[in-house]
>>> print(open('upload-v3.txt').read())   # compact mmCIF, C-alpha atoms and all ligand atoms
# COMPACT_ATOMS: atom_id res chain seq x y z
CA MET A 279 8.89 42.68 61.60
CA SER A 280 8.04 39.67 63.75
CA TYR A 281 9.36 36.25 63.14
CA GLU A 282 5.89 34.89 62.10
CA GLU A 283 5.28 37.66 59.54
CA GLY A 284 8.59 37.00 57.86
CA PHE A 285 7.88 33.30 57.85
CA SER A 286 4.37 33.57 56.35
CA SER A 287 5.45 35.98 53.62
CA THR A 288 8.24 33.59 52.66
CA ILE A 289 5.66 30.81 52.49
CA THR A 290 3.35 32.90 50.29
CA ASP A 291 6.25 33.80 48.02
CA TRP A 292 7.23 30.20 47.89
CA LEU A 293 3.69 29.08 47.05
CA PHE A 294 3.22 31.83 44.49
CA PHE A 295 6.44 30.93 42.82
CA ASN A 296 5.84 27.25 42.84
CA SER A 297 2.19 27.22 41.90
CA TRP A 298 3.27 29.06 38.76
CA TRP A 299 5.46 26.19 37.88
CA LEU A 300 2.73 23.78 38.87
CA LEU A 301 0.39 25.50 36.45
CA LEU A 302 2.80 25.22 33.55
CA PRO A 303 1.85 21.69 32.49
CA LEU A 304 -1.79 22.72 32.63
CA ILE A 305 -1.09 25.74 30.40
CA MET A 306 0.86 23.58 28.03
CA LEU A 307 -1.99 21.11 27.92
CA LEU A 308 -4.44 23.91 27.16
CA VAL A 309 -2.20 25.19 24.37
CA VAL A 310 -1.94 21.68 22.89
CA VAL A 311 -5.72 21.22 23.09
CA ALA A 312 -6.23 24.64 21.47
CA PHE A 313 -3.84 23.64 18.68
CA ILE A 314 -5.66 20.36 18.12
CA VAL A 315 -9.05 22.11 18.01
CA ALA A 316 -7.68 24.71 15.58
CA PHE A 317 -6.13 21.96 13.48
CA VAL A 318 -9.37 19.97 13.32
CA LEU A 319 -11.29 23.09 12.34
CA LEU A 320 -8.74 23.85 9.65
CA LEU A 321 -8.99 20.29 8.34
CA TYR A 322 -12.75 20.61 8.06
CA MET A 323 -12.38 23.93 6.28
CA ILE A 324 -10.07 22.49 3.63
CA SER A 325 -11.94 19.19 3.31
CA PRO A 326 -13.59 20.01 -0.03
CA LEU A 327 -10.13 20.77 -1.37
CA ILE A 328 -8.63 17.41 -0.53
CA SER A 329 -11.44 15.05 -1.49
CA PRO A 330 -11.33 14.40 -5.25
CA LYS A 331 -14.39 13.87 -7.40
CA PRO A 332 -15.06 10.14 -7.93
CA LEU A 333 -14.24 8.66 -11.36
CA LYS A 334 -17.16 7.23 -13.36
CA LEU A 335 -16.18 3.71 -14.33
CA ASN A 336 -19.15 3.34 -16.68
CA GLY A 337 -17.70 3.80 -20.17
CA ALA A 338 -14.18 4.42 -18.84
CA HIS A 339 -11.10 2.74 -20.31
CA VAL A 340 -9.21 0.76 -17.67
CA VAL A 341 -5.84 -0.85 -18.40
CA VAL A 342 -4.88 -3.67 -16.04
CA THR A 343 -1.34 -5.01 -16.20
CA GLY A 344 -1.16 -8.51 -14.78
CA GLY A 345 -4.83 -8.74 -15.71
CA SER A 346 -4.65 -12.39 -16.82
CA SER A 347 -4.42 -13.89 -13.35
CA GLY A 348 -5.09 -13.48 -9.63
CA ILE A 349 -5.67 -10.00 -8.22
CA GLY A 350 -5.32 -8.28 -11.60
CA LYS A 351 -7.98 -10.49 -13.18
CA SER A 352 -10.36 -9.84 -10.28
CA ILE A 353 -9.76 -6.09 -10.61
CA ALA A 354 -10.58 -6.27 -14.32
CA MET A 355 -13.79 -8.18 -13.55
CA GLU A 356 -14.78 -5.69 -10.86
CA CYS A 357 -14.31 -2.75 -13.26
CA TYR A 358 -16.20 -4.57 -16.02
CA ARG A 359 -19.11 -5.09 -13.65
CA GLN A 360 -19.23 -1.32 -13.33
CA GLY A 361 -19.38 -0.76 -17.07
CA ALA A 362 -15.71 -0.15 -17.93
CA PHE A 363 -13.86 -1.05 -21.15
CA ILE A 364 -10.83 -3.17 -20.31
CA THR A 365 -7.35 -3.75 -21.70
CA LEU A 366 -5.64 -6.76 -20.15
CA VAL A 367 -1.84 -6.72 -20.29
CA ALA A 368 0.36 -9.75 -19.55
CA ARG A 369 2.89 -11.97 -21.35
CA ASP A 370 1.23 -15.39 -21.77
CA GLU A 371 -1.33 -15.21 -24.59
CA SER A 372 -3.33 -18.31 -23.69
CA LYS A 373 -3.82 -17.06 -20.12
CA LEU A 374 -4.92 -13.71 -21.57
CA VAL A 375 -7.52 -15.33 -23.83
CA GLN A 376 -8.87 -17.40 -20.93
CA ALA A 377 -9.06 -14.33 -18.66
CA LYS A 378 -10.79 -12.30 -21.39
CA LYS A 379 -13.58 -14.92 -21.49
CA GLU A 380 -14.00 -14.72 -17.70
CA VAL A 381 -14.06 -10.93 -17.68
CA GLU A 382 -16.61 -10.84 -20.52
CA LYS A 383 -19.01 -12.84 -18.36
CA CYS A 384 -19.21 -9.82 -16.03
CA ALA A 385 -20.59 -7.48 -18.73
CA ILE A 386 -23.46 -5.16 -17.85
CA ASN A 387 -24.09 -3.91 -21.40
CA ASP A 388 -23.33 -5.14 -24.90
CA LYS A 389 -21.07 -2.23 -25.89
CA GLN A 390 -18.32 -3.25 -23.47
CA VAL A 391 -15.06 -4.58 -24.91
CA VAL A 392 -12.11 -6.52 -23.51
CA LEU A 393 -8.81 -6.10 -25.33
CA CYS A 394 -5.77 -8.32 -24.73
CA ILE A 395 -2.18 -7.25 -25.18
CA SER A 396 0.79 -9.52 -24.77
CA VAL A 397 3.90 -7.65 -23.65
CA ASP A 398 6.54 -7.81 -20.93
CA VAL A 399 5.98 -4.59 -18.96
CA SER A 400 9.45 -4.65 -17.41
CA LYS A 401 11.83 -4.93 -20.36
CA ASP A 402 11.62 -2.41 -23.18
CA TYR A 403 9.95 0.96 -22.56
CA ARG A 404 9.42 1.62 -26.29
CA GLN A 405 7.42 -1.59 -26.61
CA VAL A 406 5.25 -0.70 -23.61
CA GLU A 407 4.70 2.78 -25.02
CA SER A 408 3.66 1.38 -28.39
CA VAL A 409 1.12 -1.11 -26.96
CA ILE A 410 -0.42 1.62 -24.81
CA LYS A 411 -0.72 3.73 -27.95
CA GLN A 412 -2.43 0.84 -29.74
CA CYS A 413 -4.98 0.28 -27.00
CA GLN A 414 -5.71 4.01 -26.76
CA GLU A 415 -6.43 4.05 -30.49
CA LYS A 416 -8.91 1.20 -30.07
CA LEU A 417 -10.62 2.03 -26.75
CA GLY A 418 -9.84 5.71 -26.27
CA PRO A 419 -7.58 7.44 -23.76
CA VAL A 420 -6.80 5.53 -20.57
CA ASP A 421 -8.90 6.75 -17.63
CA MET A 422 -7.42 4.36 -15.12
CA LEU A 423 -4.19 2.37 -15.14
CA VAL A 424 -3.87 -0.53 -12.70
CA ASN A 425 -0.25 -1.63 -12.25
CA CYS A 426 -0.75 -5.15 -10.98
CA ALA A 427 1.78 -7.16 -13.00
CA GLY A 428 4.24 -8.52 -10.50
CA THR A 429 5.79 -11.51 -8.96
CA SER A 430 7.05 -12.55 -5.57
CA PHE A 431 9.74 -14.74 -4.16
CA SER A 432 10.55 -15.67 -0.62
CA GLY A 433 13.68 -17.24 0.75
CA LYS A 434 16.52 -16.59 3.16
CA PHE A 435 18.74 -13.71 2.07
CA GLU A 436 21.86 -15.80 1.50
CA GLU A 437 19.89 -18.46 -0.36
CA VAL A 438 18.17 -16.14 -2.86
CA GLU A 439 20.10 -16.03 -6.15
CA VAL A 440 21.61 -12.59 -6.70
CA GLU A 441 19.86 -12.36 -10.06
CA ARG A 442 16.50 -12.52 -8.27
CA PHE A 443 17.05 -9.15 -6.55
CA ARG A 444 17.39 -7.55 -9.97
CA SER A 445 14.51 -9.39 -11.62
CA LEU A 446 12.02 -8.57 -8.85
CA MET A 447 13.01 -4.94 -8.94
CA GLU A 448 12.56 -4.98 -12.72
CA VAL A 449 9.13 -6.60 -12.79
CA ASN A 450 7.57 -5.05 -9.67
CA TYR A 451 9.13 -1.59 -9.85
CA LEU A 452 10.13 -0.82 -13.46
CA GLY A 453 7.12 -2.86 -14.62
CA SER A 454 4.99 -0.21 -12.90
CA VAL A 455 7.08 2.78 -13.98
CA TYR A 456 6.90 2.00 -17.72
CA PRO A 457 3.11 1.71 -18.20
CA THR A 458 2.61 4.75 -15.95
CA ARG A 459 5.11 6.75 -17.96
CA ALA A 460 3.31 5.70 -21.14
CA VAL A 461 -0.14 6.92 -20.04
CA ILE A 462 0.70 10.00 -18.01
CA THR A 463 1.12 12.59 -20.79
CA THR A 464 -2.37 12.00 -22.15
CA MET A 465 -3.81 12.02 -18.63
CA LYS A 466 -2.12 15.36 -17.92
CA GLU A 467 -3.48 16.82 -21.15
CA ARG A 468 -6.98 15.63 -20.32
CA ARG A 469 -6.57 16.76 -16.72
CA MET A 470 -8.05 13.54 -15.41
CA GLY A 471 -7.05 9.99 -14.53
CA ARG A 472 -6.29 7.38 -11.96
CA ILE A 473 -3.09 5.40 -11.45
CA MET A 474 -3.05 2.41 -9.14
CA PHE A 475 0.05 0.65 -7.85
CA VAL A 476 -0.37 -2.76 -6.26
CA SER A 477 2.22 -2.94 -3.50
CA SER A 478 1.75 -5.37 -0.58
CA GLN A 479 1.70 -5.45 3.21
CA ALA A 480 5.29 -6.54 2.64
CA GLY A 481 5.75 -3.06 1.10
CA GLN A 482 4.92 -1.54 4.49
CA ILE A 483 7.03 -3.79 6.72
CA GLY A 484 10.13 -5.81 5.98
CA LEU A 485 9.71 -9.43 7.00
CA PHE A 486 11.83 -12.55 7.27
CA GLY A 487 12.16 -14.10 3.80
CA TYR A 488 11.26 -11.00 1.81
CA THR A 489 14.70 -9.39 1.34
CA ALA A 490 14.24 -9.50 -2.44
CA TYR A 491 10.49 -8.87 -2.63
CA SER A 492 9.88 -6.17 0.01
CA PRO A 493 12.28 -3.56 -1.42
CA SER A 494 10.55 -3.81 -4.83
CA LYS A 495 7.22 -3.08 -3.12
CA PHE A 496 8.61 -0.33 -0.86
CA ALA A 497 9.95 1.32 -4.02
CA LEU A 498 6.39 1.70 -5.30
CA ARG A 499 5.54 3.81 -2.25
CA GLY A 500 8.28 6.32 -3.08
CA LEU A 501 7.12 6.42 -6.66
CA ALA A 502 3.45 6.81 -5.71
CA GLU A 503 4.10 9.64 -3.22
CA SER A 504 6.31 11.62 -5.58
CA LEU A 505 4.01 11.10 -8.52
CA GLN A 506 0.92 12.13 -6.54
CA MET A 507 2.52 15.45 -5.59
CA GLU A 508 3.29 16.14 -9.26
CA MET A 509 -0.10 15.02 -10.56
CA LYS A 510 -2.56 16.51 -8.11
CA PRO A 511 -2.83 19.88 -9.90
CA TYR A 512 -3.77 17.92 -13.03
CA ASN A 513 -6.64 16.16 -11.27
CA ILE A 514 -4.84 12.82 -11.53
CA TYR A 515 -5.08 10.65 -8.43
CA VAL A 516 -2.67 7.95 -7.40
CA THR A 517 -3.65 4.96 -5.26
CA ILE A 518 -1.27 2.52 -3.64
CA ALA A 519 -2.77 -0.78 -2.48
CA TYR A 520 -1.28 -2.96 0.22
CA PRO A 521 -3.00 -6.37 0.10
CA PRO A 522 -2.22 -9.18 2.55
CA ASP A 523 -1.62 -12.78 1.34
CA THR A 524 -4.23 -13.35 -1.35
CA ASP A 525 -5.38 -16.70 -2.74
CA THR A 526 -3.94 -16.58 -6.28
CA PRO A 527 -1.74 -18.70 -8.57
CA GLY A 528 1.06 -16.25 -7.68
CA LEU A 529 0.75 -17.05 -3.97
CA ALA A 530 0.67 -20.81 -4.66
CA GLU A 531 3.92 -20.43 -6.60
CA GLU A 532 5.49 -18.35 -3.84
CA ASN A 533 4.50 -20.90 -1.19
CA ARG A 534 6.65 -23.55 -2.85
CA THR A 535 9.85 -21.98 -1.52
CA LYS A 536 8.47 -20.08 1.48
CA PRO A 537 10.55 -20.45 4.65
CA LEU A 538 8.58 -21.64 7.70
CA GLU A 539 9.26 -18.32 9.45
CA THR A 540 7.71 -16.33 6.60
CA ARG A 541 4.66 -18.56 6.58
CA LEU A 542 4.10 -18.29 10.33
CA ILE A 543 4.57 -14.50 10.34
CA SER A 544 2.32 -13.95 7.30
CA GLU A 545 -0.43 -16.02 8.91
CA THR A 546 -0.93 -13.06 11.27
CA SER A 547 -3.01 -11.27 8.68
CA GLY A 548 -4.51 -14.38 7.06
CA VAL A 549 -5.33 -15.13 3.41
CA THR A 550 -7.85 -13.01 1.50
CA GLN A 551 -9.77 -13.78 -1.69
CA PRO A 552 -8.79 -11.81 -4.81
CA GLU A 553 -12.42 -10.72 -5.39
CA GLN A 554 -12.46 -9.04 -2.00
CA VAL A 555 -9.15 -7.28 -2.59
CA ALA A 556 -10.43 -6.13 -6.01
CA LYS A 557 -13.63 -4.64 -4.56
CA ILE A 558 -11.73 -2.60 -1.98
CA VAL A 559 -8.91 -1.34 -4.18
CA VAL A 560 -11.18 -0.41 -7.09
CA LYS A 561 -13.44 1.55 -4.74
CA ASP A 562 -10.43 3.39 -3.32
CA ALA A 563 -9.05 4.18 -6.77
CA VAL A 564 -12.43 5.45 -7.98
CA GLN A 565 -12.66 7.72 -4.94
CA GLY A 566 -9.08 8.85 -5.48
CA ASN A 567 -7.85 7.63 -2.09
CA PHE A 568 -4.08 7.50 -1.90
CA ASN A 569 -3.95 4.61 0.52
CA SER A 570 -5.84 1.37 0.04
CA SER A 571 -5.67 -1.32 2.69
CA VAL A 572 -7.45 -4.62 3.18
CA GLY A 573 -8.61 -6.06 6.51
CA PRO A 574 -8.10 -4.91 10.11
CA ASP A 575 -4.35 -5.60 10.09
CA GLY A 576 -4.07 -3.72 6.83
CA TYR A 577 -5.90 -0.79 8.36
CA MET A 578 -3.58 -0.70 11.37
CA LEU A 579 -0.46 -1.07 9.24
CA SER A 580 -1.52 1.80 6.98
CA ALA A 581 -2.30 4.15 9.87
CA LEU A 582 0.98 3.20 11.53
CA THR A 583 3.13 3.65 8.43
CA CYS A 584 1.38 6.70 6.97
CA GLY A 585 4.47 8.88 7.43
CA MET A 586 4.31 11.83 5.01
CA SER A 587 1.93 10.17 2.57
CA PRO A 588 -0.88 12.33 1.21
CA VAL A 589 -4.19 12.32 3.02
CA THR A 590 -7.40 12.12 1.01
CA SER A 591 -10.08 12.55 3.63
CA ILE A 592 -10.49 14.35 6.91
CA THR A 593 -11.54 11.22 8.75
CA GLU A 594 -8.43 9.43 7.49
CA GLY A 595 -6.18 12.21 8.82
CA LEU A 596 -7.95 12.35 12.17
CA GLN A 597 -7.86 8.59 12.57
CA GLN A 598 -4.12 8.58 11.91
CA ILE A 599 -3.51 11.31 14.50
CA VAL A 600 -5.56 9.57 17.16
CA THR A 601 -4.48 5.96 16.58
CA MET A 602 -0.78 6.20 15.83
CA GLY A 603 0.49 5.84 19.41
CA LEU A 604 -1.90 3.02 20.17
CA PHE A 605 -1.02 1.12 17.00
CA ARG A 606 2.70 1.51 17.67
CA THR A 607 2.10 -0.06 21.07
CA ILE A 608 0.27 -2.99 19.46
CA ALA A 609 2.99 -3.23 16.80
CA LEU A 610 5.68 -3.69 19.45
CA PHE A 611 3.89 -6.83 20.60
CA TYR A 612 3.64 -8.10 17.03
CA LEU A 613 7.35 -7.43 16.48
CA GLY A 614 8.14 -9.30 19.69
CA SER A 615 6.11 -12.27 18.53
CA PHE A 616 7.76 -12.24 15.07
CA ASP A 617 11.20 -12.26 16.71
CA SER A 618 10.19 -15.18 18.87
CA ILE A 619 8.90 -17.10 15.81
CA VAL A 620 12.30 -16.59 14.18
CA ARG A 621 14.15 -17.68 17.32
CA ARG A 622 11.96 -20.77 17.81
CA CYS A 623 12.42 -21.87 14.20
CA MET A 624 16.19 -21.50 14.52
CA ILE A 625 16.32 -23.53 17.73
CA GLU A 626 14.15 -26.25 16.22
CA ARG A 627 16.33 -26.44 13.12
CA GLU A 628 19.49 -26.73 15.18
CA GLN A 629 17.95 -29.43 17.34
CA SER A 630 16.85 -31.48 14.35
CA LYS A 631 20.31 -31.06 12.81
CA ALA A 632 21.89 -32.35 16.00
CA VAL A 633 19.53 -35.35 16.00
CA ASP A 634 20.40 -36.06 12.34
CA LYS A 635 24.12 -36.02 13.18
CA ARG A 636 23.67 -38.47 16.05
CA GLU A 637 21.76 -40.94 13.88
N1 LIG A 701 -1.13 -12.92 -3.99
C1 LIG A 701 -0.67 -12.27 -2.95
O1 LIG A 701 -0.58 -12.83 -1.86
C2 LIG A 701 -0.30 -10.84 -3.06
C3 LIG A 701 0.06 -10.29 -4.27
N2 LIG A 701 0.43 -8.98 -4.34
C4 LIG A 701 0.83 -8.38 -5.60
O2 LIG A 701 -0.27 -8.38 -6.48
C5 LIG A 701 0.17 -8.53 -7.81
C6 LIG A 701 -0.55 -9.70 -8.45
O3 LIG A 701 -0.29 -10.83 -7.70
P1 LIG A 701 -1.02 -12.23 -7.97
O4 LIG A 701 -2.37 -11.99 -8.46
O5 LIG A 701 -0.79 -13.06 -6.78
O6 LIG A 701 -0.07 -12.79 -9.13
P2 LIG A 701 -0.29 -13.88 -10.28
O7 LIG A 701 1.02 -14.56 -10.43
O8 LIG A 701 -1.50 -14.70 -10.05
O9 LIG A 701 -0.52 -12.94 -11.55
C7 LIG A 701 0.50 -12.13 -12.00
C8 LIG A 701 0.07 -11.44 -13.26
O10 LIG A 701 1.10 -10.57 -13.71
C9 LIG A 701 1.50 -10.92 -15.04
N3 LIG A 701 2.91 -10.64 -15.19
C10 LIG A 701 3.93 -11.09 -14.42
N4 LIG A 701 5.09 -10.62 -14.87
C11 LIG A 701 4.82 -9.85 -15.95
C12 LIG A 701 5.62 -9.10 -16.84
N5 LIG A 701 6.94 -9.06 -16.73
N6 LIG A 701 5.00 -8.42 -17.83
C13 LIG A 701 3.66 -8.45 -17.95
N7 LIG A 701 2.87 -9.14 -17.14
C14 LIG A 701 3.44 -9.83 -16.14
C15 LIG A 701 1.13 -12.39 -15.14
O11 LIG A 701 0.96 -12.86 -16.46
P3 LIG A 701 2.17 -13.48 -17.32
O12 LIG A 701 2.97 -14.34 -16.42
O13 LIG A 701 1.50 -14.22 -18.43
O14 LIG A 701 2.95 -12.32 -17.83
C16 LIG A 701 -0.18 -12.42 -14.39
O15 LIG A 701 -1.20 -11.91 -15.21
C17 LIG A 701 1.68 -8.71 -7.74
O16 LIG A 701 2.28 -7.47 -7.96
C18 LIG A 701 1.90 -9.16 -6.32
O17 LIG A 701 3.17 -8.81 -5.87
C19 LIG A 701 0.42 -8.18 -3.23
C20 LIG A 701 0.06 -8.69 -2.02
C21 LIG A 701 -0.33 -10.06 -1.84
C1 LIG A 702 -0.48 -2.46 14.41
C2 LIG A 702 0.43 -3.30 13.64
C3 LIG A 702 -0.21 -4.45 12.96
C4 LIG A 702 0.82 -5.34 12.37
C5 LIG A 702 0.26 -6.44 11.56
C6 LIG A 702 1.36 -7.16 10.87
C7 LIG A 702 0.88 -8.17 9.91
C8 LIG A 702 2.03 -8.69 9.11
C9 LIG A 702 1.62 -9.64 8.06
C10 LIG A 702 2.41 -9.46 6.81
C11 LIG A 702 1.94 -10.28 5.71
C12 LIG A 702 2.73 -10.05 4.47
C13 LIG A 702 1.98 -10.51 3.29
C14 LIG A 702 2.75 -10.38 2.03
C15 LIG A 702 1.89 -10.76 0.88
C16 LIG A 702 2.59 -10.76 -0.40
O1 LIG A 702 2.86 -9.72 -0.92
C17 LIG A 702 2.96 -12.04 -1.04
N1 LIG A 702 2.19 -13.10 -0.61
C18 LIG A 702 2.88 -11.92 -2.55
O2 LIG A 702 2.70 -13.12 -3.18
>>> encode(input="upload-v3.txt", output="structure tokens")
Amino acid sequence: MSYEEGFSSTITDWLFFNSWWLLLPLIMLLVVVAFIVAFVLLLYMISPLISPKPLKLNGAHVVVTGGSSGIGKSIAMECYRQGAFITLVARDESKLVQAKKEVEKCAINDKQVVLCISVDVSKDYRQVESVIKQCQEKLGPVDMLVNCAGTSFSGKFEEVEVERFRSLMEVNYLGSVYPTRAVITTMKERRMGRIMFVSSQAGQIGLFGYTAYSPSKFALRGLAESLQMEMKPYNIYVTIAYPPDTDTPGLAEENRTKPLETRLISETSGVTQPEQVAKIVVKDAVQGNFNSSVGPDGYMLSALTCGMSPVTSITEGLQQIVTMGLFRTIALFYLGSFDSIVRRCMIEREQSKAVDKRE
């Protein structure tokens, strides 16, 4: 064997061996692509199974907690415009009567009825159960429950009274558990229904100033996901809505104590009108979509934070798969800018304190 022969066979061996390794990433890529194609095909095959039949609002009985003001009132009006019978639930009777008049103006036929019930949804379960029973006797079984009663508070963690952490959890979380608990048995028996929870964009991300509020809205996500898994075989669909800042009396009240940081960060996704929020969330609930978001930031936040939440359409699932990495990249920039807002506010405060001391 000559020197050259030995050399060239070593080279061929070397190439053969190494080109194998070089091909590995390509093979892996092919396998991944094959998996994605198979997955997409599978999704299309099961699509009729995961898209629920839309609910007919015409003639349906819709209960709206927090229906006397803001987003809840707009939701009631939106449903009324589609022919629903409405029960408004809130505490203040005069606000209820006023809201009833406004909702009645949206009637599309003369059979429609608006019922008002004054109750605190967060205190005594028995009371909530009994008012739900009353309204079912008058307007028939509840087809859709909208849990919109809630309240917000913003402030720095150490400045929020300890009591506030409990009260927000009570109103926003337990105030959604109780009415849901009161309607669910009948819905299961009838094998139909819709439950909506009104969370918030602050129920998808924790922000400066929302240490008391955010957890009460995050809690609704856990409730909604667990409940949906239990209820799906009974043809009951759960929707969780994540509105941005919305122009309501509730927001005006919240703004009175809002730290500058919270205001600047929230401005990112702007202020929406309650009518617009109502249109979107009602449509999603009727279609049985689990997730309901408002605006482009809302869309990105929902795709980014979808986690293990149920998927209600093929396009939704595909969009999440495709956009997640991109949205995380965008989110990192947002997070950076939020941190710099917080830092700038702190520096400015310290500077103005120093000036005050000198004077
Ligand atoms: N506005 C916003 O920027 C956003 C609001 N949200 C959420 O949307 C929901 C509605 O907000 P918004 O429209 O601004 O609020 P409003 O303050 O304008 O309305 C709140 C409604 O809930 C009722 N309510 C409050 N507490 C109770 C209770 N314990 N029992 C029964 N009813 C109650 C109120 O009536 P009464 O006081 O007479 O009981 C009122 O009808 C809230 O859950 C809020 O967290 C989410 C994202 C953004
Ligand atoms: C890809 C990533 C996109 C990230 C976008 C982030 C936008 C953050 C804005 C958060 C706004 C919080 C509003 C809370 C509203 C609320 O619940 C209270 N006003 C209730 O009164």
>>> axis_aligned_box(input="upload-v3.txt", around="ligand LIG 702 (chain A)", padding_each_side="5 Å", output="JSON")
{"center_x": 1.2, "center_y": -7.8, "center_z": 5.6, "size_x": 13.4, "size_y": 20.7, "size_z": 27.6}
>>> closest_residue(input="upload-v3.txt", among="A:Glu553, A:Val438, A:Leu582, A:Glu503", to="Thr607 (chain A)", atoms="only C-alpha atoms")
A:Leu582
>>> closest_residue(input="upload-v3.txt", among="A:Lys416, A:Arg621, A:Lys495, A:Lys378", to="ligand LIG 702 (chain A)", atoms="all atoms listed in the file")
A:Lys495
>>> closest_residue(input="upload-v3.txt", among="A:Met586, A:Met355, A:Cys623, A:Cys426", to="ligand LIG 702 (chain A)", atoms="all atoms listed in the file")
A:Cys426
>>> closest_residue(input="upload-v3.txt", among="A:Ala490, A:Val449, A:Cys584, A:Leu610", to="Phe431 (chain A)", atoms="all atoms listed in the file")
A:Ala490
>>> closest_residue(input="upload-v3.txt", among="A:Val340, A:Leu417, A:Val476, A:Ile619", to="ligand LIG 701 (chain A)", atoms="all atoms listed in the file")
A:Val476
>>> closest_residue(input="upload-v3.txt", among="A:Glu594, A:Glu531, A:Glu539, A:Asp617", to="ligand LIG 702 (chain A)", atoms="all atoms listed in the file")
A:Glu531
>>> residues_near_ligand(input="upload-v3.txt", ligand="ligand LIG 702 (chain A)", cutoff="7 Å", atoms="all atoms listed in the file", output="JSON, numbers by chain")
{"A": [429, 430, 478, 479, 480, 521, 522, 523, 524, 528, 529, 532, 543, 544, 545, 546, 547, 575, 576, 578, 579, 582, 605, 606, 608, 609, 612]}
>>> atom_distance(input="upload-v3.txt", atom1="CA of Ala427 (chain A)", atom2="CA of Asp525 (chain A)")
15.7 Å
>>> atom_distance(input="upload-v3.txt", atom1="CA of Tyr456 (chain A)", atom2="CA of Asp402 (chain A)")
8.5 Å
>>> residues_near_point(input="upload-v3.txt", point="(-17.6, 2.1, -21.0)", cutoff="10 Å", atoms="all atoms listed in the file", output="PyMOL selection string")
chain A and resi 334-340+357-358+360-364+386-387+389-391+417
>>> residues_around(input="upload-v3.txt", residues="Gly453 (chain A)", least_positions_apart="5", cutoff="10 Å", atoms="all atoms listed in the file", output="list of chain:residue names")
A:Thr343, A:Asp398, A:Val399, A:Ser400, A:Lys401, A:Asp402, A:Tyr403, A:Val406, A:Asn425, A:Cys426, A:Ala427, A:Gly428, A:Leu446, A:Met447, A:Glu448, A:Thr458
>>> write_last_selection(input="upload-v3.txt", atoms="C-alpha atoms", output="CSV table (one decimal), keeping the file's coordinate frame")
chain,number,residue,atom,x,y,z
A,343,THR,CA,-1.3,-5.0,-16.2
A,398,ASP,CA,6.5,-7.8,-20.9
A,399,VAL,CA,6.0,-4.6,-19.0
A,400,SER,CA,9.4,-4.6,-17.4
A,401,LYS,CA,11.8,-4.9,-20.4
A,402,ASP,CA,11.6,-2.4,-23.2
A,403,TYR,CA,10.0,1.0,-22.6
A,406,VAL,CA,5.2,-0.7,-23.6
A,425,ASN,CA,-0.2,-1.6,-12.2
A,426,CYS,CA,-0.8,-5.2,-11.0
A,427,ALA,CA,1.8,-7.2,-13.0
A,428,GLY,CA,4.2,-8.5,-10.5
A,446,LEU,CA,12.0,-8.6,-8.8
A,447,MET,CA,13.0,-4.9,-8.9
A,448,GLU,CA,12.6,-5.0,-12.7
A,458,THR,CA,2.6,4.8,-16.0
